[in-house]
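Below: one structure, written as C-alpha cells.
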Protein chains: 2
Amino acid sequence: MEVKSQINTILGTNDYIEFLRGKSATFMLSLSTTKTLEVEGITQAGIPGLIHLTPTLDSEFVCCGEVRCLENLAETPKGVPTPALLTRAVHLLKPFSNIELLDLGMSKKPKLDYFKVHDFELNPSESINSGANIDAMSLFQKGVEFGKNYECKDDYIILAESVPAGTTTAYATARALGYDCIGKFSSSFKNSPDSIKEKTINEALENIKDKEDLFDKIGSVSDNMLIFNAGFVLGNSSKDTKLILAGGTQMAAVLLLANSIVNYMGGKLDSKNLALCTTKWVSEDENSDIKSLLEMLDFPINAYNSNFDFSTSNHPALKLYDDGEAKEGVGAGAALCYGLINGLSQEQIIKQVENFLG
Amino acid sequence: MEVKSQINTILGTNDYIEFLRGKSATFMLSLSTTKTLEVEGITQAGIPGLIHLTPTLDSEFVCCGEVRCLENLAETPKGVPTPALLTRAVHLLKPFSNIELLDLGMSKKPKLDYFKVHDFELNPSESINSGANIDAMSLFQKGVEFGKNYECKDDYIILAESVPAGTTTAYATARALGYDCIGKFSSSFKNSPDSIKEKTINEALENIKDKEDLFDKIGSVSDNMLIFNAGFVLGNSSKDTKLILAGGTQMAAVLLLANSIVNYMGGKLDSKNLALCTTKWVSEDENSDIKSLLEMLDFPINAYNSNFDFSTSNHPALKLYDDGEAKEGVGAGAALCYGLINGLSQEQIIKQVENFLG
C-alpha cells in the first residue's frame with residue numbers, strides 16, 4: 001500500500017523493525033585498526049597515508065561533530081565523504097539516546113571527554129597477509145562477557161563499526177571458515193581492487209592451511225572487530241535486549257563467524273533478538289551479495305536496508321554514493337533506518353548532510 | 001491566539017490533554033468480533049463477506065503497514081478506507097513508543113511476530129439478537145485484573161478498539177443499562193441503517209426483559225470489548241497511569257458500563273486519570289450525541305476531539321470522511337490528538353494518508 005516503504009526487508013519479515021518504531025536506541029561504535037589497510041591500494045576508507053586514523057576521526061565526528069586528531073573529515077581520494085556524515089545527520093535530527101565506543105585496538109585514541117569508551121586493552125591487529133596475530137579465543141571471550149554483562153538502558157542496541165580494510169578481513173574470515181562466498185563481499189570502492197584483495201586473502205589463507213583449530217585460523221586472518229562482535233552477539237543472545245548489527249558484509253561476516261563458533265562448540269544461537277541493517281547501496285550492489293551470505297547462516301535472521309539514496313540531492317560528492325562508492329560504514333544504514341522509523345524523511349536527512357559539506 | 005486549536009474540548013478542561021503534550025504513549029488496540037456483524041446490512045466496517053476479519057487486518061496494518069490475512073485493506077462498499085490509515089499515518093510520522101494488542105475474541109489471529117498480543121482465551125461473541133452468550137462477570141474481572149497489573153512503560157495509555165458492528169452492541173448495552181440514549185449512538189454509515197439496528201437491539205432487549213442481574217443482562221446484549229474495557233478502566237483507576245479511551249460512542253458505552261457497574265457495586269470511580277478522545281466526525285455528528293452520553297456519567301470526564309478533517313485534501317475516498325462515512329475506529333481520533341500534541345500538522349498527516357492510497 002505504501003508508495004515507497006521506508007525500509008526494505010532483505011530477509012525475514014518487517015515485524016522486528018516495525019516493533020522498534022518509536023523506541024529508544026543506544027548507538028555503539030566498534031573501532032579497530034587492522035594493519036591490512038597498509039597493503040597498497042586495498043582500501044579507500046580514509047585519507048591516503050592516514051587511513052589508520054579513520055576509526056578515530058569517525059568516532060569523534062559521530063560524537064561531537066568535529067574531527068580533533070586531524071583537520072579534515074576522512075574522505076576518499078575521489079572525494080567521497082565518510083558515511084559517518086549520515087550517522088551524524090540522523091543523530092542531529094533524531095538523536096540516539098546514548099552513544100558508546102568500543103576501543104578494539106585503535107592506532108590513536110579519540111579525543112573525547114564525556115563519552116563512554118570501553119577499553120579492552122587491545123592493539124591494532126597485524127596485516128592478514130603475514131598473519132593477524134590475534135589471540136582469537138581470548139578476544140572472543142571478551143566479547144561474550146561484554147555482551148552478557150552490558151546493561152542497555154534503551155530499548156535496543158545499534159552495533160556499528162569503523163574498520164578500514166575491514167571488508168578484506170571479513171572476506172578472508174568467511175573464506176577461512178569454509179563458506180561458499182567468492183564474489184559476495186562488498187568493497188568501499190565502486191570498482192573493487194579485486195586482484196589486490198584476492199592476493200592478500202590468498203596469502204592469508206596460505207598461512208593457515210595447516211591449522212586445524214577454528215580460533216587459531218581466525219586469529220590469523222580476521223580482525224578484532226569481527227571476533228569481538230561475534231562474541232558480543234553470542235553473549236547478548238542470552239538476554240532479552242534487541243541488537244541490530246549495523247553494517248553490510250562485514251556485519252554479515254560477524255554473523256557467519258558467530259555461526260561457525262556455535263557449530264564448532266555444538267551449541268545453538270537464539271537469533272530472535274538479532275537483526276542486520278544496512279544501506280540500499282550494499283543490498284543493491286551488483287558486485288556483492290549480502291542476502292546470499294546471510295542465507296548461509298544456520299539460524300534465521302531479520303535483515304533490512306534503509307530505502308535512502310541521494311537521488312534528490314545535487315551535491316556531486318553525495319552522488320558518488322549512488323554511483324557505488326563508499327556504500328556503508330559507521331552504522332550509516334542502521335542509523336538511516338533508525339531515523340526513518342522515528343519520523344524523519346529522506347529530504348530532512350539529505351539537507352542535513354548537505355549542510356555539513358557546505 | 002491560535003487561529004484554529006488542534007484539539008477541541010468536548011467536556012472538562014484542556015489541562016489533561018495539554019499535560020500529555022510531548023509525553024510518550026503506549027497504543028493498545030482491543031480487538032474483538034461480535035457475530036452481530038452477520039446481521040444483513042448492520043455494518044459497513046470492512047469488506048462485505050469478510051467483515052469478521054476487520055480487527056485482524058486493522059491490527060496488522062497499524063503494526064506493520066501491511067495486511068497479511070488478506071490482499072486488501074478493509075474498506076467499506078462505498079470505498080471509505082479503514083480509519084486505521086489515520087492511526088498508521090500518525091505512527092509513521094510520530095511513532096507511539098509501543099503498540100500492544102488485546103485479543104478479546106477474534107475470528108482470525110493477526111500474523112505478527114514481535115508485537116505483544118495479550119491473549120485472554122476468548123472466542124468471538126454471539127449475535128445479540130439471539131443472546132451474545134458472554135460470561136460477563138468473568139470477562140469483566142479479567143479486565144480489572146489486567147488494568148490493575150499492566151505496567152505501562154510510557155507516560156500514558158491510548159486504548160483503542162476495532163469491533164465491527166460495535167456501535168450496535170454499544171447502543172444495546174447502554175439501552176440495557178437504562179440510560180436515556182435513544183438516537184445518541186453513532187454509526188459507521190453516513191445514513192445509519194436505523195431500522196436494522198433498532199430491530200436487532202429490540203430483539204436483544206427482548207431477550208433480557210426478565211433478567212435482573214446486571215452481568216446477566218450485559219452478557220446477553222454486549223460485546224467482549226465493552227465488558228473487558230469497563231474492567232480495564234476500573235482496574236487502572238487504582239493506579240496513577242493516565243488512560244485515554246480512544247473512540248467515539250463505543251468508548252462512551254465502555255464508560256457508561258463502568259459507571260453502572262460501580263453504582264451496582266456501591267463504589268465510586270476516581271476518573272482523574274481518565275479521558276476520552278475521538279474525531280471531529282463523531283463529535284460534530286448530527287445523528288448522534290457523544291457529549292450527552294458522557295454527561296450521563298456520575299463522575300466527571302475529560303473528553304476531546306482532534307480538530308482534523310480532510311477539507312484540504314482532494315482525494316475522493318478521504319472526502320467521504322468529511323461527508324460522514326466511517327467517522328472513527330482503530331483509535332483514529334486519539335491517534336490524531338497524539339500527533340497534533342506532538343508537533344504534527346494536519347497537512348503532514350493528510351499527505352501521509354494520501355501516500356497510502358497512491
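Chain labels run A, B, ... following the order of the C-alpha cells; each chain numbers its residues from 1, and ligands are numbered from 1 in the order shown.
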
Return as a PDB file with all heavy atoms, in the first residue's frame the residues belonging to chain B that are within 8 Å of chain A, counting only C-alpha atoms.
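Done, and the output landed in result20.pdb:
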```
ATOM      1  N   CYS B  63       0.337  -2.134  12.982  1.00  0.00           N
ATOM      2  CA  CYS B  63       1.656  -2.577  13.449  1.00  0.00           C
ATOM      3  C   CYS B  63       2.708  -2.548  12.343  1.00  0.00           C
ATOM      4  O   CYS B  63       3.820  -2.066  12.559  1.00  0.00           O
ATOM      5  CB  CYS B  63       1.572  -3.995  14.020  1.00  0.00           C
ATOM      6  SG  CYS B  63       0.703  -4.085  15.592  1.00  0.00           S
ATOM      7  N   CYS B  64       2.385  -3.105  11.187  1.00  0.00           N
ATOM      8  CA  CYS B  64       3.415  -3.363  10.175  1.00  0.00           C
ATOM      9  C   CYS B  64       3.180  -2.697   8.831  1.00  0.00           C
ATOM     10  O   CYS B  64       3.991  -2.867   7.916  1.00  0.00           O
ATOM     11  CB  CYS B  64       3.582  -4.865   9.975  1.00  0.00           C
ATOM     12  SG  CYS B  64       4.329  -5.639  11.415  1.00  0.00           S
ATOM     13  N   GLY B  65       2.071  -1.970   8.683  1.00  0.00           N
ATOM     14  CA  GLY B  65       1.861  -1.265   7.423  1.00  0.00           C
ATOM     15  C   GLY B  65       1.424  -2.154   6.280  1.00  0.00           C
ATOM     16  O   GLY B  65       1.467  -1.732   5.124  1.00  0.00           O
ATOM     17  N   GLU B  66       1.046  -3.375   6.577  1.00  0.00           N
ATOM     18  CA  GLU B  66       0.570  -4.268   5.515  1.00  0.00           C
ATOM     19  C   GLU B  66      -0.473  -5.215   6.093  1.00  0.00           C
ATOM     20  O   GLU B  66      -0.489  -5.466   7.298  1.00  0.00           O
ATOM     21  CB  GLU B  66       1.738  -5.044   4.905  1.00  0.00           C
ATOM     22  CG  GLU B  66       2.546  -5.841   5.912  1.00  0.00           C
ATOM     23  CD  GLU B  66       3.846  -6.414   5.331  1.00  0.00           C
ATOM     24  OE1 GLU B  66       4.512  -5.708   4.561  1.00  0.00           O
ATOM     25  OE2 GLU B  66       4.191  -7.547   5.678  1.00  0.00           O
ATOM     26  N   LEU B  92       3.683   6.606  11.735  1.00  0.00           N
ATOM     27  CA  LEU B  92       4.865   6.781  10.881  1.00  0.00           C
ATOM     28  C   LEU B  92       5.530   8.132  11.131  1.00  0.00           C
ATOM     29  O   LEU B  92       6.750   8.241  11.130  1.00  0.00           O
ATOM     30  CB  LEU B  92       4.481   6.691   9.398  1.00  0.00           C
ATOM     31  CG  LEU B  92       4.085   5.317   8.865  1.00  0.00           C
ATOM     32  CD1 LEU B  92       3.953   5.354   7.352  1.00  0.00           C
ATOM     33  CD2 LEU B  92       5.105   4.255   9.259  1.00  0.00           C
ATOM     34  N   LEU B  93       4.708   9.144  11.340  1.00  0.00           N
ATOM     35  CA  LEU B  93       5.256  10.499  11.451  1.00  0.00           C
ATOM     36  C   LEU B  93       5.755  10.803  12.864  1.00  0.00           C
ATOM     37  O   LEU B  93       6.732  11.524  13.052  1.00  0.00           O
ATOM     38  CB  LEU B  93       4.180  11.515  11.052  1.00  0.00           C
ATOM     39  CG  LEU B  93       3.726  11.421   9.578  1.00  0.00           C
ATOM     40  CD1 LEU B  93       2.444  12.211   9.370  1.00  0.00           C
ATOM     41  CD2 LEU B  93       4.829  11.931   8.658  1.00  0.00           C
ATOM     42  N   LYS B  94       5.067  10.288  13.835  1.00  0.00           N
ATOM     43  CA  LYS B  94       5.444  10.498  15.251  1.00  0.00           C
ATOM     44  C   LYS B  94       5.074   9.213  15.982  1.00  0.00           C
ATOM     45  O   LYS B  94       3.977   9.093  16.542  1.00  0.00           O
ATOM     46  CB  LYS B  94       4.678  11.714  15.801  1.00  0.00           C
ATOM     47  CG  LYS B  94       4.838  11.914  17.294  1.00  0.00           C
ATOM     48  CD  LYS B  94       6.244  12.258  17.708  1.00  0.00           C
ATOM     49  CE  LYS B  94       6.447  12.001  19.199  1.00  0.00           C
ATOM     50  NZ  LYS B  94       7.833  12.266  19.623  1.00  0.00           N
ATOM     51  N   PRO B  95       5.994   8.245  15.940  1.00  0.00           N
ATOM     52  CA  PRO B  95       5.648   6.900  16.414  1.00  0.00           C
ATOM     53  C   PRO B  95       5.205   6.846  17.883  1.00  0.00           C
ATOM     54  O   PRO B  95       5.751   7.558  18.730  1.00  0.00           O
ATOM     55  CB  PRO B  95       6.956   6.130  16.238  1.00  0.00           C
ATOM     56  CG  PRO B  95       7.735   6.891  15.228  1.00  0.00           C
ATOM     57  CD  PRO B  95       7.361   8.327  15.408  1.00  0.00           C
ATOM     58  N   PHE B  96       4.210   6.010  18.143  1.00  0.00           N
ATOM     59  CA  PHE B  96       3.946   5.608  19.524  1.00  0.00           C
ATOM     60  C   PHE B  96       5.192   4.867  20.000  1.00  0.00           C
ATOM     61  O   PHE B  96       5.883   4.228  19.205  1.00  0.00           O
ATOM     62  CB  PHE B  96       2.741   4.673  19.595  1.00  0.00           C
ATOM     63  CG  PHE B  96       1.500   5.241  18.969  1.00  0.00           C
ATOM     64  CD1 PHE B  96       0.974   4.702  17.803  1.00  0.00           C
ATOM     65  CD2 PHE B  96       0.850   6.328  19.546  1.00  0.00           C
ATOM     66  CE1 PHE B  96      -0.165   5.233  17.208  1.00  0.00           C
ATOM     67  CE2 PHE B  96      -0.288   6.868  18.958  1.00  0.00           C
ATOM     68  CZ  PHE B  96      -0.795   6.320  17.792  1.00  0.00           C
ATOM     69  N   SER B  97       5.464   4.909  21.283  1.00  0.00           N
ATOM     70  CA  SER B  97       6.650   4.201  21.779  1.00  0.00           C
ATOM     71  C   SER B  97       6.443   2.701  21.789  1.00  0.00           C
ATOM     72  O   SER B  97       7.406   1.934  21.822  1.00  0.00           O
ATOM     73  CB  SER B  97       6.968   4.653  23.202  1.00  0.00           C
ATOM     74  OG  SER B  97       7.079   6.047  23.244  1.00  0.00           O
ATOM     75  N   ASN B  98       5.197   2.298  21.772  1.00  0.00           N
ATOM     76  CA  ASN B  98       4.900   0.893  21.972  1.00  0.00           C
ATOM     77  C   ASN B  98       3.486   0.636  21.475  1.00  0.00           C
ATOM     78  O   ASN B  98       2.597   1.443  21.689  1.00  0.00           O
ATOM     79  CB  ASN B  98       4.986   0.614  23.487  1.00  0.00           C
ATOM     80  CG  ASN B  98       4.794  -0.830  23.844  1.00  0.00           C
ATOM     81  OD1 ASN B  98       5.145  -1.717  23.077  1.00  0.00           O
ATOM     82  ND2 ASN B  98       4.218  -1.083  25.005  1.00  0.00           N
ATOM     83  N   ILE B  99       3.309  -0.508  20.797  1.00  0.00           N
ATOM     84  CA  ILE B  99       1.963  -0.936  20.404  1.00  0.00           C
ATOM     85  C   ILE B  99       1.740  -2.328  20.968  1.00  0.00           C
ATOM     86  O   ILE B  99       2.594  -3.209  20.817  1.00  0.00           O
ATOM     87  CB  ILE B  99       1.810  -0.980  18.866  1.00  0.00           C
ATOM     88  CG1 ILE B  99       1.982   0.424  18.265  1.00  0.00           C
ATOM     89  CG2 ILE B  99       0.441  -1.542  18.478  1.00  0.00           C
ATOM     90  CD1 ILE B  99       1.827   0.465  16.749  1.00  0.00           C
ATOM     91  N   LEU B 112       1.603 -11.731  13.296  1.00  0.00           N
ATOM     92  CA  LEU B 112       2.592 -10.781  13.814  1.00  0.00           C
ATOM     93  C   LEU B 112       3.587 -11.530  14.679  1.00  0.00           C
ATOM     94  O   LEU B 112       3.198 -12.381  15.480  1.00  0.00           O
ATOM     95  CB  LEU B 112       1.887  -9.701  14.652  1.00  0.00           C
ATOM     96  CG  LEU B 112       0.948  -8.761  13.899  1.00  0.00           C
ATOM     97  CD1 LEU B 112       0.091  -7.972  14.874  1.00  0.00           C
ATOM     98  CD2 LEU B 112       1.737  -7.814  13.002  1.00  0.00           C
ATOM     99  N   ASP B 113       4.858 -11.200  14.524  1.00  0.00           N
ATOM    100  CA  ASP B 113       5.883 -11.930  15.265  1.00  0.00           C
ATOM    101  C   ASP B 113       6.316 -11.249  16.562  1.00  0.00           C
ATOM    102  O   ASP B 113       6.357 -11.873  17.603  1.00  0.00           O
ATOM    103  CB  ASP B 113       7.124 -12.128  14.395  1.00  0.00           C
ATOM    104  CG  ASP B 113       6.873 -13.131  13.288  1.00  0.00           C
ATOM    105  OD1 ASP B 113       6.044 -14.030  13.504  1.00  0.00           O
ATOM    106  OD2 ASP B 113       7.490 -12.998  12.222  1.00  0.00           O
ATOM    107  N   TYR B 114       6.678  -9.996  16.492  1.00  0.00           N
ATOM    108  CA  TYR B 114       7.338  -9.382  17.642  1.00  0.00           C
ATOM    109  C   TYR B 114       6.398  -8.599  18.540  1.00  0.00           C
ATOM    110  O   TYR B 114       6.724  -8.300  19.680  1.00  0.00           O
ATOM    111  CB  TYR B 114       8.483  -8.483  17.171  1.00  0.00           C
ATOM    112  CG  TYR B 114       9.676  -9.292  16.727  1.00  0.00           C
ATOM    113  CD1 TYR B 114       9.806  -9.737  15.421  1.00  0.00           C
ATOM    114  CD2 TYR B 114      10.645  -9.676  17.652  1.00  0.00           C
ATOM    115  CE1 TYR B 114      10.877 -10.509  15.029  1.00  0.00           C
ATOM    116  CE2 TYR B 114      11.719 -10.444  17.271  1.00  0.00           C
ATOM    117  CZ  TYR B 114      11.833 -10.858  15.953  1.00  0.00           C
ATOM    118  OH  TYR B 114      12.907 -11.634  15.586  1.00  0.00           O
ATOM    119  N   PHE B 115       5.236  -8.249  18.034  1.00  0.00           N
ATOM    120  CA  PHE B 115       4.330  -7.415  18.810  1.00  0.00           C
ATOM    121  C   PHE B 115       3.660  -8.227  19.915  1.00  0.00           C
ATOM    122  O   PHE B 115       3.310  -9.387  19.731  1.00  0.00           O
ATOM    123  CB  PHE B 115       3.283  -6.788  17.889  1.00  0.00           C
ATOM    124  CG  PHE B 115       3.877  -5.730  17.017  1.00  0.00           C
ATOM    125  CD1 PHE B 115       4.531  -6.059  15.840  1.00  0.00           C
ATOM    126  CD2 PHE B 115       3.843  -4.406  17.402  1.00  0.00           C
ATOM    127  CE1 PHE B 115       5.124  -5.086  15.045  1.00  0.00           C
ATOM    128  CE2 PHE B 115       4.431  -3.425  16.617  1.00  0.00           C
ATOM    129  CZ  PHE B 115       5.065  -3.765  15.437  1.00  0.00           C
ATOM    130  N   ASN B 355      -0.540   9.198   0.669  1.00  0.00           N
ATOM    131  CA  ASN B 355       0.527   8.299   0.213  1.00  0.00           C
ATOM    132  C   ASN B 355       0.090   6.834   0.230  1.00  0.00           C
ATOM    133  O   ASN B 355       0.422   6.070  -0.664  1.00  0.00           O
ATOM    134  CB  ASN B 355       1.760   8.437   1.123  1.00  0.00           C
ATOM    135  CG  ASN B 355       2.789   9.371   0.523  1.00  0.00           C
ATOM    136  OD1 ASN B 355       2.686   9.743  -0.634  1.00  0.00           O
ATOM    137  ND2 ASN B 355       3.775   9.751   1.308  1.00  0.00           N
ATOM    138  N   PHE B 356      -0.614   6.463   1.291  1.00  0.00           N
ATOM    139  CA  PHE B 356      -1.075   5.072   1.401  1.00  0.00           C
ATOM    140  C   PHE B 356      -1.995   4.713   0.233  1.00  0.00           C
ATOM    141  O   PHE B 356      -1.974   3.594  -0.267  1.00  0.00           O
ATOM    142  CB  PHE B 356      -1.882   4.851   2.688  1.00  0.00           C
ATOM    143  CG  PHE B 356      -1.085   4.953   3.947  1.00  0.00           C
ATOM    144  CD1 PHE B 356      -1.614   5.595   5.062  1.00  0.00           C
ATOM    145  CD2 PHE B 356       0.171   4.383   4.054  1.00  0.00           C
ATOM    146  CE1 PHE B 356      -0.900   5.680   6.239  1.00  0.00           C
ATOM    147  CE2 PHE B 356       0.890   4.466   5.237  1.00  0.00           C
ATOM    148  CZ  PHE B 356       0.351   5.120   6.327  1.00  0.00           C
ATOM    149  N   LEU B 357      -2.825   5.699  -0.143  1.00  0.00           N
ATOM    150  CA  LEU B 357      -3.855   5.412  -1.152  1.00  0.00           C
ATOM    151  C   LEU B 357      -3.303   5.501  -2.572  1.00  0.00           C
ATOM    152  O   LEU B 357      -3.919   5.019  -3.508  1.00  0.00           O
ATOM    153  CB  LEU B 357      -5.032   6.366  -0.973  1.00  0.00           C
ATOM    154  CG  LEU B 357      -5.711   6.308   0.406  1.00  0.00           C
ATOM    155  CD1 LEU B 357      -6.795   7.352   0.509  1.00  0.00           C
ATOM    156  CD2 LEU B 357      -6.285   4.924   0.674  1.00  0.00           C
ATOM    157  N   GLY B 358      -2.127   6.113  -2.698  1.00  0.00           N
ATOM    158  CA  GLY B 358      -1.474   6.180  -4.012  1.00  0.00           C
ATOM    159  C   GLY B 358      -2.100   7.237  -4.911  1.00  0.00           C
ATOM    160  O   GLY B 358      -3.107   7.817  -4.630  1.00  0.00           O
TER     161      GLY B 358
END
```

Taking the backbone alone, and naming residues the way the document does, which bits of stretch 3-230 of chain A are strand (DSSP E) by DSSP, as number ranges by chain? A: 7-11, 25-31, 98-103, 116-119, 156-162

List as number ranges by chain the protein and nucleic acid residues near A:Ser32, meaning an atom at most 7 Å away when only C-alpha atoms are counted, but skip any in the same chain fewer than 5 places from it. A: 55, 103-106, 124, 162-163, 224-225

Stretch 279-285 of chain B environment, 7 Å, only C-alpha atoms, sequence neighbours closer than 2 positions dropped, as a list of chain:residue names: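 Selected residues are B:Gly248, B:Asn287, B:Ser288, B:Ile290, B:Asn305, B:Ser306, B:Asn307, B:Phe308, B:Asp322, B:Gly324, B:Lys327, B:Glu328, B:Gly333.
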
Who sits within 9 Å of stretch 130-145 of chain A, only C-alpha atoms, same chain under 2 positions skipped, as a VMD selection string: chain A and resid 34 to 36 120 122 125 to 128 147 to 150 203 to 204 207 to 208 215 to 224 227 to 236

Write down as number ranges by chain the residues belonging to stretch 124-233 of chain B that are assigned helix (DSSP H, G or I) by DSSP computed on the backbone. B: 128-130, 136-149, 166-176, 194-207, 214-221, 224-233

Which is closer to A:Gly247 than all the others in A:Thr200, A:Gln352, A:Thr26, A:Ser186, using only C-alpha atoms?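 Answer, going by the shortest atom-to-atom distance: A:Ser186.
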
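Between atom CA of A:Thr312 and atom CA of A:Val353 lies a distance of 12.4 Å.
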
Give me the residues within 7 Å of A:Ser271 as a list in words, counting only C-alpha atoms and dropping any in the same chain fewer than 2 places off.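 Answer for this query is Ser237, Leu269, Asn273, Leu274, Phe299, Pro300 and Ile301 of chain A.
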
As a short mmCIF file (atom, residue, chain, number, x, y, z; two decimals) with C-alpha atoms, in the first residue's frame, please: the residues near A:Ala335 (cut-off 8 Å, only C-alpha atoms, same-chain neighbours under 2 positions excluded).
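Here's the written file around.cif:
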```cif
data_model
loop_
_atom_site.label_atom_id
_atom_site.label_comp_id
_atom_site.auth_asym_id
_atom_site.auth_seq_id
_atom_site.Cartn_x
_atom_site.Cartn_y
_atom_site.Cartn_z
CA LEU A 86 24.90 10.08 7.53
CA THR A 87 25.06 8.73 11.05
CA VAL A 90 20.46 11.32 11.83
CA HIS A 91 21.86 11.88 15.33
CA ALA A 246 24.76 -2.03 11.75
CA GLY A 331 26.46 2.28 11.06
CA ALA A 332 25.11 4.51 8.29
CA GLY A 333 22.47 2.05 7.09
CA CYS A 337 16.69 3.01 9.39
CA TYR A 338 16.56 4.45 12.92
CA GLY A 339 15.86 7.93 11.55
#
```

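Interatomic distance, atom CA of B:Val117 to atom CA of B:Phe27: 12.3 Å.
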
Atomic distance atom CA of B:Thr169 - atom CA of B:Arg88, expressed in Å with one decimal: 26.1 Å
